[in-house]
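Please read the structure below before turning to the comments.
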Amino acid sequence: DAGVIQSPRHEVTEMGQEVTLRCKPISGHNSLFWYRQTMMRGLELLIYFNNNVPIDDSGMPEDRFSAKMPNASFSTLKIQPSEPRDSAVYFCASTARTGGSYEQYFGPGTRLTVT
Amino acid sequence: TQLLEQSPQFLSIQEGENLTVYCNSSSVFSSLQWYRQEPGEGPVLLVTVVTGGEVKKLKRLTFQFGDARKDSSLHITAAQPGDTGLYLCAGVNYGQNFVFGPGTRLSVLP
């Protein structure tokens, strides 16, 4: 398996522009997570889906952020309009159940810079 | 809100030294996980500990889950430059509620 795939790997955009980040989870994994990582705040959960349904979006910063999972093999995280404080590395992860626990598999991340 | 603390925040050691990093919380978790993250990559799962007092070994890495399932430690024996990275602990609650700590940034110098 190719693992979790994210695109683009790097994105540089100007303040006010729309940004769309994409994720393909590992086939057969039923849950998908979006995280944001910065030096100041560490790894923060934004939203997670189970069987394509959003379960917990309490980490989504504000209405400028939205996420969708139209099918089991694809998810998007959209920021509109983007702001410089959104600059971070955004990770997507999917989970597999192993024994009595869940294991997360992370993608390589998208490094977003908003100028 | 459940929080995890990790210490130390930064650690720089020479190749061959031993080290221990800690992960602490006031909350009980159903399991605890350790991840290692290298620059430019996503975190990679190293281990999951489930039972209070459990000890797991992965080559030169030893992981322990506290008896009360609130804390954990990671011990590395004879550290190597390849161990360099950000070590994250994650508490897992029933279901898929993952809570990540801020991480310990380890640098092993040759």
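Naming scheme: A, B, ... for chains in displayed order of the structure tokens; residues 1 onward per chain; ligands 1 onward as shown.
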
Selection near B:Gly53, 9 Å with only C-alpha atoms, sequence-local residues under 2 positions removed, as an mmCIF file with N, CA and C atoms, in the first residue's frame:
```cif
data_model
loop_
_atom_site.group_PDB
_atom_site.id
_atom_site.type_symbol
_atom_site.label_atom_id
_atom_site.label_comp_id
_atom_site.auth_asym_id
_atom_site.auth_seq_id
_atom_site.Cartn_x
_atom_site.Cartn_y
_atom_site.Cartn_z
ATOM 1 N N VAL B 50 -1.275 -0.692 26.511
ATOM 2 C CA VAL B 50 -2.696 -0.759 26.853
ATOM 3 C C VAL B 50 -2.940 -1.029 28.335
ATOM 4 N N THR B 51 -2.120 -1.878 28.918
ATOM 5 C CA THR B 51 -2.354 -2.317 30.295
ATOM 6 C C THR B 51 -1.490 -1.522 31.265
ATOM 7 N N VAL B 55 5.156 -3.066 29.995
ATOM 8 C CA VAL B 55 6.462 -2.696 29.453
ATOM 9 C C VAL B 55 6.608 -3.360 28.084
ATOM 10 N N GLN B 64 7.135 2.150 28.853
ATOM 11 C CA GLN B 64 6.405 1.698 30.024
ATOM 12 C C GLN B 64 5.149 2.541 30.199
ATOM 13 N N PHE B 65 4.058 1.902 30.532
ATOM 14 C CA PHE B 65 2.792 2.556 30.836
ATOM 15 C C PHE B 65 2.644 2.560 32.337
ATOM 16 N N GLY B 66 2.310 3.698 32.928
ATOM 17 C CA GLY B 66 2.176 3.783 34.362
ATOM 18 C C GLY B 66 1.043 2.905 34.882
ATOM 19 N N ASP B 67 1.160 2.513 36.143
ATOM 20 C CA ASP B 67 0.156 1.622 36.746
ATOM 21 C C ASP B 67 -1.247 2.220 36.672
ATOM 22 N N ALA B 68 -1.333 3.537 36.839
ATOM 23 C CA ALA B 68 -2.632 4.204 36.835
ATOM 24 C C ALA B 68 -3.087 4.613 35.445
ATOM 25 N N ARG B 69 -2.311 4.283 34.446
ATOM 26 C CA ARG B 69 -2.593 4.586 33.031
ATOM 27 C C ARG B 69 -2.728 6.089 32.794
#
```

- request: Write down, as number ranges by chain, each residue of chain B that has any atom within 8 Å of an atom of chain A, counting only C-alpha atoms.
  value: B: 31, 40-45, 48, 50, 96, 100-103

- prompt: So which one's closest to B:Asn24, B:Leu106, B:Ala78, B:Lys56, B:Leu3? Using only C-alpha atoms, please.
  reply: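 Nearest to B:Asn24: B:Leu3.
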
message: I'd like the interatomic distance between atom CA of A:Leu112 and atom CA of A:Gln80, to a tenth of an Å.
response: 13.4 Å

Spatial neighbours of stretch 14-19 of chain A, max dist 12 Å, only C-alpha atoms, sep filter under 2 positions, as a PyMOL selection string: chain A and resi 7-8+10-12+21-22+64-67+76-87+90+110-115

Output C-alpha atoms for every residue in the selection just made, as a PDB file, in the first residue's frame.
```
ATOM      1  CA  SER A   7      -1.320  16.891  -2.031  1.00  0.00           C
ATOM      2  CA  PRO A   8       0.128  19.332  -2.584  1.00  0.00           C
ATOM      3  CA  HIS A  10       3.892  22.584  -0.408  1.00  0.00           C
ATOM      4  CA  GLU A  11       1.532  25.482  -0.968  1.00  0.00           C
ATOM      5  CA  VAL A  12       2.381  29.181  -0.959  1.00  0.00           C
ATOM      6  CA  LEU A  21      -5.675  20.447   0.680  1.00  0.00           C
ATOM      7  CA  ARG A  22      -6.305  16.883  -0.416  1.00  0.00           C
ATOM      8  CA  ARG A  64     -13.097  29.895   7.201  1.00  0.00           C
ATOM      9  CA  PHE A  65     -12.201  26.213   7.525  1.00  0.00           C
ATOM     10  CA  SER A  66     -14.309  23.436   6.045  1.00  0.00           C
ATOM     11  CA  ALA A  67     -13.701  19.741   5.405  1.00  0.00           C
ATOM     12  CA  THR A  76     -10.468  17.810   1.338  1.00  0.00           C
ATOM     13  CA  LEU A  77      -9.687  20.587   3.796  1.00  0.00           C
ATOM     14  CA  LYS A  78     -10.505  24.049   2.499  1.00  0.00           C
ATOM     15  CA  ILE A  79      -9.529  27.433   3.876  1.00  0.00           C
ATOM     16  CA  GLN A  80     -11.361  30.437   2.482  1.00  0.00           C
ATOM     17  CA  PRO A  81     -10.166  33.124   2.835  1.00  0.00           C
ATOM     18  CA  SER A  82      -6.693  32.197   4.003  1.00  0.00           C
ATOM     19  CA  GLU A  83      -4.769  34.301   6.535  1.00  0.00           C
ATOM     20  CA  PRO A  84      -1.052  34.408   7.501  1.00  0.00           C
ATOM     21  CA  ARG A  85      -1.857  32.756  10.871  1.00  0.00           C
ATOM     22  CA  ASP A  86      -3.036  29.679   8.954  1.00  0.00           C
ATOM     23  CA  SER A  87       0.577  28.971   7.980  1.00  0.00           C
ATOM     24  CA  TYR A  90      -1.379  20.124   7.766  1.00  0.00           C
ATOM     25  CA  THR A 110       1.192  19.792   3.331  1.00  0.00           C
ATOM     26  CA  ARG A 111       3.321  22.764   4.290  1.00  0.00           C
ATOM     27  CA  LEU A 112       1.131  25.851   3.859  1.00  0.00           C
ATOM     28  CA  THR A 113       2.576  29.346   3.777  1.00  0.00           C
ATOM     29  CA  VAL A 114       0.193  32.297   3.586  1.00  0.00           C
ATOM     30  CA  THR A 115       1.888  35.604   2.861  1.00  0.00           C
TER      31      THR A 115
END
```

field: Contact residues around B:Thr20 with only C-alpha atoms at 8 Å, ignoring same-chain residues under 3 positions, as a list in words
entry: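 Listed by chain and then number, they are Ser73, Leu74, His75 and Ile76 of chain B.
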
task: Skip B:Pro110 itself and residues of its chain fewer than 2 positions away, then list as a list in words all residues within 9 Å of it, counting only C-alpha atoms.
output: Gln14, Glu15, Gly16, Gln80, Pro81 and Val108 of chain B

Using all heavy atoms, can you write the selected residues to a file as a short mmCIF file (atom, residue, chain, number, x, y, z; two decimals), in the first residue's frame?
```cif
data_model
loop_
_atom_site.label_atom_id
_atom_site.label_comp_id
_atom_site.auth_asym_id
_atom_site.auth_seq_id
_atom_site.Cartn_x
_atom_site.Cartn_y
_atom_site.Cartn_z
N GLN B 14 25.11 12.78 23.25
CA GLN B 14 26.11 12.18 22.39
C GLN B 14 25.72 10.74 22.06
O GLN B 14 25.05 10.06 22.86
CB GLN B 14 27.47 12.17 23.08
CG GLN B 14 28.09 13.54 23.28
CD GLN B 14 28.47 14.21 21.98
OE1 GLN B 14 28.18 15.39 21.77
NE2 GLN B 14 29.12 13.46 21.09
N GLU B 15 26.14 10.30 20.91
CA GLU B 15 25.91 8.91 20.50
C GLU B 15 26.44 7.96 21.58
O GLU B 15 27.51 8.18 22.14
CB GLU B 15 26.65 8.65 19.19
CG GLU B 15 26.48 7.26 18.63
CD GLU B 15 27.15 7.10 17.27
OE1 GLU B 15 27.78 8.07 16.79
OE2 GLU B 15 27.05 6.01 16.68
N GLY B 16 25.64 6.95 21.90
CA GLY B 16 26.05 5.96 22.89
C GLY B 16 25.45 6.19 24.27
O GLY B 16 25.47 5.28 25.11
N GLN B 80 21.61 6.45 19.01
CA GLN B 80 22.32 6.60 17.74
C GLN B 80 21.79 7.81 17.00
O GLN B 80 20.65 8.23 17.22
CB GLN B 80 22.14 5.33 16.90
CG GLN B 80 22.68 4.08 17.56
CD GLN B 80 22.43 2.83 16.76
OE1 GLN B 80 21.85 2.86 15.68
NE2 GLN B 80 22.86 1.69 17.30
N PRO B 81 22.57 8.38 16.08
CA PRO B 81 22.08 9.54 15.33
C PRO B 81 20.75 9.30 14.63
O PRO B 81 19.95 10.21 14.48
CB PRO B 81 23.22 9.80 14.33
CG PRO B 81 24.44 9.34 15.04
CD PRO B 81 23.99 8.11 15.82
N VAL B 108 20.70 13.47 18.61
CA VAL B 108 21.81 12.59 18.98
C VAL B 108 22.99 12.93 18.09
O VAL B 108 22.94 12.75 16.87
CB VAL B 108 21.43 11.11 18.83
CG1 VAL B 108 22.60 10.22 19.29
CG2 VAL B 108 20.18 10.78 19.62
#
```
